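To keep things clear, I will list the structure first and then write my remarks on it.
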Amino acid sequence: STDSTVLITGKSGTGKELVARSIHYNSSRRERPFVAINCGAIPDTLIESELFGHKRGSFTGAVSDKIGYFKAAEGGTLFLDEVSEMPVNLQVKLLRAIEQREIIPVGMSTAIGIDTRFLASTNRDLQKEVEAGKFREDLYYRLNVVEVHLPPLSERKEDIPLLVEHFINKYRSELRRSVKGVDSEVMRSLLNHAWKGEVRELSNIIERAVIFCKGDFVAMN
């Protein structure tokens, strides 16, 4: 319920974005945007512009002004997924944005204020990344005000029924089906599964089950 920065850690697929969305939708910012960006999915040449925005003509291809993700999340929450993939030269600018609540878009010389809460995630050990010189120590401590660690799904099987219910509701709505849940035999199978693909694998299985389910409940046959 605060505006403090939260670092969500865990293996890929353990549901870090689900946790980030839960934090946002249970905060005072729930009516404002939740913006997620995968820091490893944007080319190094574009990530500064994508995050901070740019002015028209500031570089080749900048044919119009762009507000960037920081301003797109104004009043809401910006989720920096896989923040460990952010280039070191941009980490200092991220630190300034978090500490000073202001950014300087590419091509501008003056700072503009932002009202954004920051959540971040990583599947790496950031302390080891700091020791290796790949991640700034000051940024690590600024991000890690509160840490939420997600163990592998196989170590928190009590979450499986809740996740199954969540995904049943999600895909029932998206796929316009009438499925209400899974039967006891299916649930036992899900609880005993190894889940090497983590929550992402569970989501995939439930979506497929909802597609092919002939009745109100997913059954083994």
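Going by the structure tokens order, chains are called A, B, ..., each with residues numbered from 1, while ligands are numbered from 1 in the order shown.
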Out of chain A, which residues get alpha helix (DSSP H) from DSSP, as JSON, numbers by chain?
{"A": [16, 17, 18, 19, 20, 21, 22, 23, 24, 25, 44, 45, 46, 47, 48, 49, 50, 51, 52, 68, 69, 70, 71, 72, 88, 89, 90, 91, 92, 93, 94, 95, 96, 97, 98, 99, 100, 126, 127, 128, 129, 130, 131, 137, 138, 139, 140, 141, 142, 143, 160, 161, 162, 163, 164, 165, 166, 167, 168, 169, 170, 171, 172, 173, 174, 175, 184, 185, 186, 187, 188, 189, 190, 191, 192, 198, 199, 200, 201, 202, 203, 204, 205, 206, 207, 208, 209, 210, 211, 212]}
Could I get the residues of segment 88-157 of chain A with an atom no further than 9 Å from an atom of segment 185-209 of chain A, each paired with its nearest atom pair and that distance in Å to one decimal, using only C-alpha atoms, sorted by chain and residue number, as a Markdown table?
```
| residue | atom | partner | partner_atom | distance |
| --- | --- | --- | --- | --- |
| A:Pro152 | CA | A:Glu198 | CA | 6.6 |
| A:Leu153 | CA | A:Glu198 | CA | 5.6 |
| A:Ser154 | CA | A:Ala194 | CA | 6.1 |
| A:Lys157 | CA | A:Leu191 | CA | 6.3 |
```
Can I get the selected residues back with C-alpha atoms, as a compact mmCIF listing (two decimals), in the first residue's frame?
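Wrote it out as result06.txt, contents follow:
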```txt
# COMPACT_ATOMS: atom_id res chain seq x y z
CA PRO A 152 10.01 -22.60 -7.76
CA LEU A 153 6.38 -23.70 -8.08
CA SER A 154 7.36 -27.22 -6.94
CA LYS A 157 2.40 -26.30 -4.15
```
Closest atom pairs, segment 132-182 of chain A residues within 12 Å of segment 79-84 of chain A, only C-alpha atoms, as CSV:
```
residue,atom,partner,partner_atom,distance
A:Gly133,CA,A:Ser84,CA,11.6
A:Lys134,CA,A:Ser84,CA,8.2
A:Phe135,CA,A:Ser84,CA,6.9
A:Arg136,CA,A:Ser84,CA,9.8
A:Glu137,CA,A:Ser84,CA,11.8
A:Leu139,CA,A:Val83,CA,10.5
A:Tyr140,CA,A:Ser84,CA,9.5
A:Leu143,CA,A:Val83,CA,9.7
A:Asn144,CA,A:Val83,CA,11.7
```
Any chance you could export the current selection's C-alpha atoms as a tab-separated table (two decimals), in the first residue's frame?
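So the final result, stored in again23.tsv, reads:
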```tsv
chain	number	residue	atom	x	y	z
A	133	GLY	CA	30.73	-5.08	-11.92
A	134	LYS	CA	27.68	-5.73	-14.09
A	135	PHE	CA	25.17	-3.94	-11.87
A	136	ARG	CA	25.53	-0.73	-9.88
A	137	GLU	CA	25.60	-1.25	-6.13
A	139	LEU	CA	20.96	1.05	-7.80
A	140	TYR	CA	20.72	-2.42	-6.24
A	143	LEU	CA	15.61	-1.17	-5.92
A	144	ASN	CA	15.84	-3.66	-3.06
```
Close residues, segment 87-98 of chain A itself excluded, 10 Å, only C-alpha atoms, min 5 positions apart in chain, as a ChimeraX atom specification:
/A:5,39-40,43-44,47-48,51-52,70,103-104,111-118,133-136,138-143
Find the spatial neighbours of Ile67 of chain A, counting only C-alpha atoms, within a cut-off of 9 Å - ignore same-chain residues fewer than 6 positions away - and output them as an MDAnalysis selection string.
chainID A and resid 49:55 105
Please produce a file of the residues just selected, as a CSV table (one decimal), in the first residue's frame, where the atoms kept are N, CA and C atoms.
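Output saved as selection.csv:
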```csv
chain,number,residue,atom,x,y,z
A,49,SER,N,15.6,5.7,-25.2
A,49,SER,CA,14.5,6.4,-25.8
A,49,SER,C,13.2,5.8,-25.4
A,50,GLU,N,13.1,4.4,-25.3
A,50,GLU,CA,11.9,3.8,-24.9
A,50,GLU,C,11.5,4.1,-23.5
A,51,LEU,N,12.5,4.2,-22.6
A,51,LEU,CA,12.3,4.5,-21.2
A,51,LEU,C,12.0,6.0,-20.9
A,52,PHE,N,12.9,6.8,-21.4
A,52,PHE,CA,12.9,8.2,-21.0
A,52,PHE,C,12.1,9.1,-22.1
A,53,GLY,N,11.9,8.6,-23.3
A,53,GLY,CA,11.3,9.4,-24.3
A,53,GLY,C,12.3,10.2,-25.1
A,54,HIS,N,11.9,10.9,-26.1
A,54,HIS,CA,12.8,11.7,-26.9
A,54,HIS,C,12.0,12.8,-27.6
A,55,LYS,N,12.8,13.8,-28.0
A,55,LYS,CA,12.3,14.9,-28.7
A,55,LYS,C,12.5,14.6,-30.2
A,105,PRO,N,14.5,13.4,-21.1
A,105,PRO,CA,14.3,12.7,-22.4
A,105,PRO,C,15.5,13.0,-23.3
```
Filtered DSSP result for segment 68-155 of chain A, state strand (DSSP E), as a PyMOL selection string
chain A and resi 77-81+102-103+112-113+117-122+146-150
Write to file, as a PDB file, in the first residue's frame, the residues of the selection just made, with N, CA, C and O atoms.
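Saved as part-v4.pdb:
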```
ATOM      1  N   THR A  77       2.237   2.638 -11.982  1.00  0.00           N
ATOM      2  CA  THR A  77       3.369   1.791 -11.631  1.00  0.00           C
ATOM      3  C   THR A  77       4.135   1.387 -12.877  1.00  0.00           C
ATOM      4  O   THR A  77       3.526   0.975 -13.872  1.00  0.00           O
ATOM      5  N   LEU A  78       5.461   1.479 -12.829  1.00  0.00           N
ATOM      6  CA  LEU A  78       6.320   0.992 -13.903  1.00  0.00           C
ATOM      7  C   LEU A  78       7.030  -0.260 -13.412  1.00  0.00           C
ATOM      8  O   LEU A  78       7.741  -0.237 -12.407  1.00  0.00           O
ATOM      9  N   PHE A  79       6.819  -1.363 -14.126  1.00  0.00           N
ATOM     10  CA  PHE A  79       7.430  -2.643 -13.777  1.00  0.00           C
ATOM     11  C   PHE A  79       8.595  -2.912 -14.717  1.00  0.00           C
ATOM     12  O   PHE A  79       8.407  -3.088 -15.921  1.00  0.00           O
ATOM     13  N   LEU A  80       9.797  -2.937 -14.168  1.00  0.00           N
ATOM     14  CA  LEU A  80      11.023  -3.173 -14.933  1.00  0.00           C
ATOM     15  C   LEU A  80      11.378  -4.653 -14.825  1.00  0.00           C
ATOM     16  O   LEU A  80      12.073  -5.082 -13.911  1.00  0.00           O
ATOM     17  N   ASP A  81      10.865  -5.430 -15.774  1.00  0.00           N
ATOM     18  CA  ASP A  81      11.094  -6.874 -15.778  1.00  0.00           C
ATOM     19  C   ASP A  81      12.511  -7.166 -16.243  1.00  0.00           C
ATOM     20  O   ASP A  81      12.997  -6.565 -17.200  1.00  0.00           O
ATOM     21  N   GLU A 102      12.608  12.472 -11.449  1.00  0.00           N
ATOM     22  CA  GLU A 102      12.663  13.277 -12.655  1.00  0.00           C
ATOM     23  C   GLU A 102      13.508  12.575 -13.702  1.00  0.00           C
ATOM     24  O   GLU A 102      14.363  11.747 -13.380  1.00  0.00           O
ATOM     25  N   ILE A 103      13.234  12.889 -14.967  1.00  0.00           N
ATOM     26  CA  ILE A 103      13.959  12.285 -16.083  1.00  0.00           C
ATOM     27  C   ILE A 103      14.317  13.366 -17.096  1.00  0.00           C
ATOM     28  O   ILE A 103      13.724  14.447 -17.114  1.00  0.00           O
ATOM     29  N   ILE A 112      12.229  16.719 -16.432  1.00  0.00           N
ATOM     30  CA  ILE A 112      10.799  16.815 -16.199  1.00  0.00           C
ATOM     31  C   ILE A 112      10.433  15.865 -15.061  1.00  0.00           C
ATOM     32  O   ILE A 112      11.001  14.789 -14.915  1.00  0.00           O
ATOM     33  N   GLY A 113       9.502  16.272 -14.228  1.00  0.00           N
ATOM     34  CA  GLY A 113       9.118  15.478 -13.072  1.00  0.00           C
ATOM     35  C   GLY A 113       8.253  14.286 -13.456  1.00  0.00           C
ATOM     36  O   GLY A 113       7.538  14.317 -14.454  1.00  0.00           O
ATOM     37  N   ARG A 117       5.558   4.857  -9.491  1.00  0.00           N
ATOM     38  CA  ARG A 117       6.111   3.879  -8.555  1.00  0.00           C
ATOM     39  C   ARG A 117       6.898   2.844  -9.348  1.00  0.00           C
ATOM     40  O   ARG A 117       6.479   2.434 -10.430  1.00  0.00           O
ATOM     41  N   PHE A 118       8.018   2.370  -8.783  1.00  0.00           N
ATOM     42  CA  PHE A 118       8.881   1.426  -9.476  1.00  0.00           C
ATOM     43  C   PHE A 118       8.833   0.048  -8.816  1.00  0.00           C
ATOM     44  O   PHE A 118       9.033  -0.087  -7.613  1.00  0.00           O
ATOM     45  N   LEU A 119       8.570  -0.951  -9.646  1.00  0.00           N
ATOM     46  CA  LEU A 119       8.731  -2.346  -9.258  1.00  0.00           C
ATOM     47  C   LEU A 119       9.724  -2.955 -10.237  1.00  0.00           C
ATOM     48  O   LEU A 119       9.752  -2.573 -11.411  1.00  0.00           O
ATOM     49  N   ALA A 120      10.551  -3.877  -9.785  1.00  0.00           N
ATOM     50  CA  ALA A 120      11.542  -4.494 -10.662  1.00  0.00           C
ATOM     51  C   ALA A 120      11.625  -5.985 -10.381  1.00  0.00           C
ATOM     52  O   ALA A 120      11.262  -6.446  -9.290  1.00  0.00           O
ATOM     53  N   SER A 121      12.087  -6.736 -11.371  1.00  0.00           N
ATOM     54  CA  SER A 121      12.267  -8.171 -11.181  1.00  0.00           C
ATOM     55  C   SER A 121      13.564  -8.624 -11.823  1.00  0.00           C
ATOM     56  O   SER A 121      14.118  -7.947 -12.706  1.00  0.00           O
ATOM     57  N   THR A 122      14.046  -9.773 -11.379  1.00  0.00           N
ATOM     58  CA  THR A 122      15.243 -10.368 -11.971  1.00  0.00           C
ATOM     59  C   THR A 122      15.264 -11.862 -11.696  1.00  0.00           C
ATOM     60  O   THR A 122      14.749 -12.315 -10.671  1.00  0.00           O
ATOM     61  N   VAL A 146      12.244  -3.463  -0.573  1.00  0.00           N
ATOM     62  CA  VAL A 146      11.512  -4.658  -0.145  1.00  0.00           C
ATOM     63  C   VAL A 146      11.760  -5.728  -1.191  1.00  0.00           C
ATOM     64  O   VAL A 146      11.596  -5.479  -2.384  1.00  0.00           O
ATOM     65  N   GLU A 147      12.170  -6.926  -0.756  1.00  0.00           N
ATOM     66  CA  GLU A 147      12.385  -8.024  -1.699  1.00  0.00           C
ATOM     67  C   GLU A 147      11.287  -9.076  -1.515  1.00  0.00           C
ATOM     68  O   GLU A 147      10.971  -9.476  -0.402  1.00  0.00           O
ATOM     69  N   VAL A 148      10.720  -9.487  -2.634  1.00  0.00           N
ATOM     70  CA  VAL A 148       9.779 -10.600  -2.651  1.00  0.00           C
ATOM     71  C   VAL A 148      10.421 -11.709  -3.467  1.00  0.00           C
ATOM     72  O   VAL A 148      10.638 -11.548  -4.667  1.00  0.00           O
ATOM     73  N   HIS A 149      10.768 -12.804  -2.808  1.00  0.00           N
ATOM     74  CA  HIS A 149      11.406 -13.920  -3.523  1.00  0.00           C
ATOM     75  C   HIS A 149      10.375 -14.996  -3.822  1.00  0.00           C
ATOM     76  O   HIS A 149       9.625 -15.420  -2.945  1.00  0.00           O
ATOM     77  N   LEU A 150      10.336 -15.433  -5.070  1.00  0.00           N
ATOM     78  CA  LEU A 150       9.407 -16.483  -5.491  1.00  0.00           C
ATOM     79  C   LEU A 150      10.160 -17.798  -5.650  1.00  0.00           C
ATOM     80  O   LEU A 150      10.958 -17.937  -6.580  1.00  0.00           O
TER      81      LEU A 150
END
```
May I have the residues within 10 Å of Val145 of chain A as a ChimeraX atom specification, using only C-alpha atoms and disregarding those fewer than 6 positions away in the same chain?
/A:4-7
Include all heavy atoms and write out the residues we just selected as a PDB file, in the first residue's frame.
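Output saved as selection_27.pdb:
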```pdb
ATOM      1  N   SER A   4       6.883   2.491  -1.962  1.00  0.00           N
ATOM      2  CA  SER A   4       8.254   1.981  -1.897  1.00  0.00           C
ATOM      3  C   SER A   4       8.555   1.051  -3.066  1.00  0.00           C
ATOM      4  O   SER A   4       7.671   0.377  -3.596  1.00  0.00           O
ATOM      5  CB  SER A   4       8.480   1.239  -0.579  1.00  0.00           C
ATOM      6  OG  SER A   4       8.342   2.110   0.521  1.00  0.00           O
ATOM      7  N   THR A   5       9.822   1.018  -3.447  1.00  0.00           N
ATOM      8  CA  THR A   5      10.267   0.167  -4.541  1.00  0.00           C
ATOM      9  C   THR A   5      10.370  -1.279  -4.062  1.00  0.00           C
ATOM     10  O   THR A   5      10.818  -1.551  -2.953  1.00  0.00           O
ATOM     11  CB  THR A   5      11.640   0.651  -5.059  1.00  0.00           C
ATOM     12  OG1 THR A   5      11.531   2.024  -5.417  1.00  0.00           O
ATOM     13  CG2 THR A   5      12.064  -0.140  -6.279  1.00  0.00           C
ATOM     14  N   VAL A   6       9.936  -2.201  -4.922  1.00  0.00           N
ATOM     15  CA  VAL A   6       9.952  -3.627  -4.582  1.00  0.00           C
ATOM     16  C   VAL A   6      10.752  -4.369  -5.639  1.00  0.00           C
ATOM     17  O   VAL A   6      10.565  -4.153  -6.839  1.00  0.00           O
ATOM     18  CB  VAL A   6       8.519  -4.205  -4.517  1.00  0.00           C
ATOM     19  CG1 VAL A   6       8.557  -5.704  -4.215  1.00  0.00           C
ATOM     20  CG2 VAL A   6       7.692  -3.469  -3.470  1.00  0.00           C
ATOM     21  N   LEU A   7      11.657  -5.249  -5.191  1.00  0.00           N
ATOM     22  CA  LEU A   7      12.424  -6.114  -6.082  1.00  0.00           C
ATOM     23  C   LEU A   7      11.873  -7.529  -5.969  1.00  0.00           C
ATOM     24  O   LEU A   7      11.869  -8.114  -4.888  1.00  0.00           O
ATOM     25  CB  LEU A   7      13.913  -6.092  -5.718  1.00  0.00           C
ATOM     26  CG  LEU A   7      14.828  -6.971  -6.581  1.00  0.00           C
ATOM     27  CD1 LEU A   7      14.841  -6.495  -8.030  1.00  0.00           C
ATOM     28  CD2 LEU A   7      16.251  -6.992  -6.010  1.00  0.00           C
TER      29      LEU A   7
END
```
For atom CA of Glu99 of chain A and atom CA of Thr45 of chain A, the interatomic separation in Å (one decimal):
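Pair atom CA of Glu99 of chain A / atom CA of Thr45 of chain A returns 24.3 Å.
Using only C-alpha atoms, the shortest contact distance between Thr2 of chain A and any of A:Arg21, A:Arg29, A:Lys170, A:Lys214 is found at A:Arg29.
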Counting only C-alpha atoms, the residue among A:Ser1, A:Val210, A:Arg56, A:Lys128 that lies closest to Ser173 of chain A is A:Val210
